[in-house]
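Written out below as structure tokens is the structure these notes cover.
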Amino acid sequence: MTLSKRILKTEDSLAAVVERLHACYATFKQTVPVREMHGDDIVWEGVVHVFSLKGHPKTNRCYAWSSPVEGSNKRKFYAVLHIPPIDSPEKAVRASIVQDYRFSR
């Protein structure tokens, strides 16, 4: 599968996740590379897909991505709404890292 086909498949999968989780329509807008650091260590690095939303009562934007589940061939999907204090792909990733950490404790 070529890179462009893989990206389209990822965008379609993420759009479906956004629509299912947030009960609205999602249209892909752009990808943003994100690297989240803690000191000198990379905590997360990847691409966040930005979607425009139609029909959501609180926002018109969502940030979505997936990450591999450690020790598995499965992926975990994230779809974070653009609602303050989340106002960028970087802050969406940061918030998900904090939430995952809290959940794992």
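Ordering of the structure tokens sets the chain letters (A, B, ...), residue numbers begin anew at 1 in every chain, and ligands are numbered from 1 in the order given.
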Show me, as a list in words, the residues that have an atom within 10 Å of range 52-55 of chain A when counting only C-alpha atoms, minus same-chain residues fewer than 5 positions from it.
Ala15, Val18, Glu19, His22, Ala23, Cys24, Tyr25, Ala26, Thr27, Phe28, Lys29, Gln30, Asn60, Arg61, Cys62, Tyr63, Leu81 and His82 of chain A
Among chain A, which ones does DSSP assign to strand (DSSP E) (computed from the backbone)? Answer as a PyMOL selection string.
chain A and resi 25-38+41-54+61-68+75-81
Name the residues in contact with Arg20 in chain A at a cut-off of 12 Å, using only C-alpha atoms, excluding same-chain residues fewer than 6 positions from it; report them as a PyMOL selection string.
chain A and resi 13-14+26+56+77-79
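The two atoms in question, CA of Asp87 in chain A and CA of Asp41 in chain A, are spaced 23.9 Å apart.
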Could you check which of A:Ser67, A:Ser104, A:Thr10, A:Gln99 is closest to Gly46 in chain A, using only C-alpha atoms?
A:Ser67
Picked from chain A by DSSP as helix (DSSP H, G or I), as an NGL selection string:
:A and (3-22 or 89-104)
Only N, CA, C and O atoms, please: the residues just picked out, written as a tab-separated table (two decimals), in the first residue's frame.
chain	number	residue	atom	x	y	z
A	3	LEU	N	2.04	5.23	0.50
A	3	LEU	CA	1.89	6.15	1.62
A	3	LEU	C	0.61	6.96	1.50
A	3	LEU	O	-0.13	7.12	2.47
A	4	SER	N	0.29	7.47	0.30
A	4	SER	CA	-0.92	8.29	0.14
A	4	SER	C	-2.17	7.47	0.41
A	4	SER	O	-3.13	7.96	1.02
A	5	LYS	N	-2.21	6.20	0.00
A	5	LYS	CA	-3.37	5.35	0.29
A	5	LYS	C	-3.47	5.05	1.78
A	5	LYS	O	-4.55	4.99	2.34
A	6	ARG	N	-2.31	4.86	2.43
A	6	ARG	CA	-2.30	4.61	3.86
A	6	ARG	C	-2.83	5.82	4.62
A	6	ARG	O	-3.59	5.70	5.57
A	7	ILE	N	-2.43	7.03	4.20
A	7	ILE	CA	-2.89	8.25	4.85
A	7	ILE	C	-4.40	8.40	4.67
A	7	ILE	O	-5.11	8.73	5.61
A	8	LEU	N	-4.91	8.15	3.45
A	8	LEU	CA	-6.35	8.25	3.21
A	8	LEU	C	-7.11	7.26	4.08
A	8	LEU	O	-8.15	7.58	4.63
A	9	LYS	N	-6.59	6.03	4.19
A	9	LYS	CA	-7.24	5.03	5.02
A	9	LYS	C	-7.25	5.50	6.48
A	9	LYS	O	-8.26	5.37	7.17
A	10	THR	N	-6.14	6.06	6.95
A	10	THR	CA	-6.06	6.57	8.33
A	10	THR	C	-7.05	7.70	8.53
A	10	THR	O	-7.78	7.72	9.54
A	11	GLU	N	-7.13	8.63	7.60
A	11	GLU	CA	-8.07	9.75	7.72
A	11	GLU	C	-9.50	9.25	7.77
A	11	GLU	O	-10.30	9.72	8.58
A	12	ASP	N	-9.85	8.29	6.93
A	12	ASP	CA	-11.20	7.74	6.93
A	12	ASP	C	-11.51	7.03	8.24
A	12	ASP	O	-12.60	7.20	8.80
A	13	SER	N	-10.56	6.26	8.75
A	13	SER	CA	-10.76	5.55	10.02
A	13	SER	C	-10.94	6.53	11.16
A	13	SER	O	-11.83	6.37	12.00
A	14	LEU	N	-10.09	7.56	11.20
A	14	LEU	CA	-10.18	8.54	12.27
A	14	LEU	C	-11.46	9.37	12.16
A	14	LEU	O	-12.09	9.67	13.18
A	15	ALA	N	-11.88	9.71	10.95
A	15	ALA	CA	-13.14	10.45	10.77
A	15	ALA	C	-14.30	9.62	11.32
A	15	ALA	O	-15.19	10.16	12.00
A	16	ALA	N	-14.29	8.33	11.05
A	16	ALA	CA	-15.36	7.45	11.55
A	16	ALA	C	-15.36	7.40	13.08
A	16	ALA	O	-16.42	7.43	13.72
A	17	VAL	N	-14.17	7.37	13.68
A	17	VAL	CA	-14.07	7.37	15.15
A	17	VAL	C	-14.62	8.68	15.71
A	17	VAL	O	-15.40	8.68	16.66
A	18	VAL	N	-14.21	9.80	15.13
A	18	VAL	CA	-14.68	11.11	15.58
A	18	VAL	C	-16.20	11.18	15.49
A	18	VAL	O	-16.88	11.59	16.44
A	19	GLU	N	-16.75	10.77	14.37
A	19	GLU	CA	-18.19	10.83	14.17
A	19	GLU	C	-18.94	9.94	15.15
A	19	GLU	O	-19.97	10.33	15.70
A	20	ARG	N	-18.41	8.75	15.40
A	20	ARG	CA	-19.06	7.81	16.32
A	20	ARG	C	-18.99	8.32	17.76
A	20	ARG	O	-19.99	8.30	18.48
A	21	LEU	N	-17.83	8.82	18.18
A	21	LEU	CA	-17.67	9.27	19.56
A	21	LEU	C	-18.39	10.57	19.87
A	21	LEU	O	-18.86	10.77	20.99
A	22	HIS	N	-18.46	11.46	18.89
A	22	HIS	CA	-18.97	12.80	19.17
A	22	HIS	C	-20.28	13.13	18.45
A	22	HIS	O	-20.75	14.28	18.52
A	89	PRO	N	-3.34	20.85	18.53
A	89	PRO	CA	-3.02	19.43	18.53
A	89	PRO	C	-2.07	19.05	19.68
A	89	PRO	O	-2.23	17.99	20.30
A	90	GLU	N	-1.11	19.93	19.97
A	90	GLU	CA	-0.15	19.64	21.05
A	90	GLU	C	-0.86	19.52	22.40
A	90	GLU	O	-0.56	18.61	23.18
A	91	LYS	N	-1.79	20.43	22.66
A	91	LYS	CA	-2.51	20.36	23.94
A	91	LYS	C	-3.44	19.16	24.00
A	91	LYS	O	-3.66	18.60	25.07
A	92	ALA	N	-3.97	18.73	22.86
A	92	ALA	CA	-4.80	17.54	22.83
A	92	ALA	C	-3.99	16.30	23.20
A	92	ALA	O	-4.41	15.47	24.01
A	93	VAL	N	-2.79	16.20	22.63
A	93	VAL	CA	-1.91	15.08	22.95
A	93	VAL	C	-1.52	15.11	24.42
A	93	VAL	O	-1.58	14.10	25.13
A	94	ARG	N	-1.13	16.28	24.91
A	94	ARG	CA	-0.74	16.45	26.31
A	94	ARG	C	-1.87	16.00	27.25
A	94	ARG	O	-1.64	15.27	28.21
A	95	ALA	N	-3.09	16.44	26.95
A	95	ALA	CA	-4.23	16.09	27.80
A	95	ALA	C	-4.48	14.58	27.78
A	95	ALA	O	-4.81	13.99	28.81
A	96	SER	N	-4.30	13.95	26.62
A	96	SER	CA	-4.52	12.50	26.55
A	96	SER	C	-3.46	11.74	27.32
A	96	SER	O	-3.75	10.72	27.94
A	97	ILE	N	-2.23	12.23	27.30
A	97	ILE	CA	-1.15	11.59	28.07
A	97	ILE	C	-1.47	11.66	29.56
A	97	ILE	O	-1.34	10.67	30.28
A	98	VAL	N	-1.90	12.81	30.03
A	98	VAL	CA	-2.26	12.99	31.45
A	98	VAL	C	-3.42	12.06	31.80
A	98	VAL	O	-3.40	11.37	32.83
A	99	GLN	N	-4.44	12.03	30.94
A	99	GLN	CA	-5.61	11.17	31.20
A	99	GLN	C	-5.22	9.68	31.23
A	99	GLN	O	-5.66	8.95	32.11
A	100	ASP	N	-4.40	9.25	30.28
A	100	ASP	CA	-3.95	7.85	30.26
A	100	ASP	C	-3.16	7.52	31.53
A	100	ASP	O	-3.31	6.44	32.10
A	101	TYR	N	-2.31	8.45	31.98
A	101	TYR	CA	-1.54	8.24	33.18
A	101	TYR	C	-2.46	8.10	34.39
A	101	TYR	O	-2.30	7.19	35.21
A	102	ARG	N	-3.42	9.00	34.52
A	102	ARG	CA	-4.37	8.94	35.64
A	102	ARG	C	-5.17	7.65	35.62
A	102	ARG	O	-5.42	7.05	36.65
A	103	PHE	N	-5.57	7.23	34.44
A	103	PHE	CA	-6.37	6.02	34.30
A	103	PHE	C	-5.56	4.77	34.67
A	103	PHE	O	-6.09	3.82	35.21
A	104	SER	N	-4.25	4.79	34.41
A	104	SER	CA	-3.41	3.61	34.66
A	104	SER	C	-3.03	3.44	36.12
A	104	SER	O	-2.53	2.40	36.51
Counting only C-alpha atoms, figure out which residue out of A:Ser72, A:Ser88, A:Thr31, A:Ser66 gets nearest to His49 in chain A.
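Among the listed residues, A:Thr31 lies closest to His49 in chain A.
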Nearest to Pro68 in chain A by atom-to-atom distance, counting only C-alpha atoms, from A:Pro84, A:Glu45, A:Asp40, A:Pro33
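Answer, going by the shortest atom-to-atom distance: A:Glu45.
Counting only C-alpha atoms, the residue from A:Arg75, A:Arg105, A:Ala64, A:Arg35 that sits nearest to Val48 in chain A is A:Ala64.
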Quick one, how far is CA of Glu36 in chain A from CA of Thr59 in chain A?
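Computing the Euclidean distance for CA of Glu36 in chain A and CA of Thr59 in chain A yields 24.4 Å.
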At what distance in Å, to one decimal, does CA of Ile86 in chain A lie from CA of Val32 in chain A?
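Between CA of Val32 in chain A and CA of Ile86 in chain A the gap works out to 15.0 Å.
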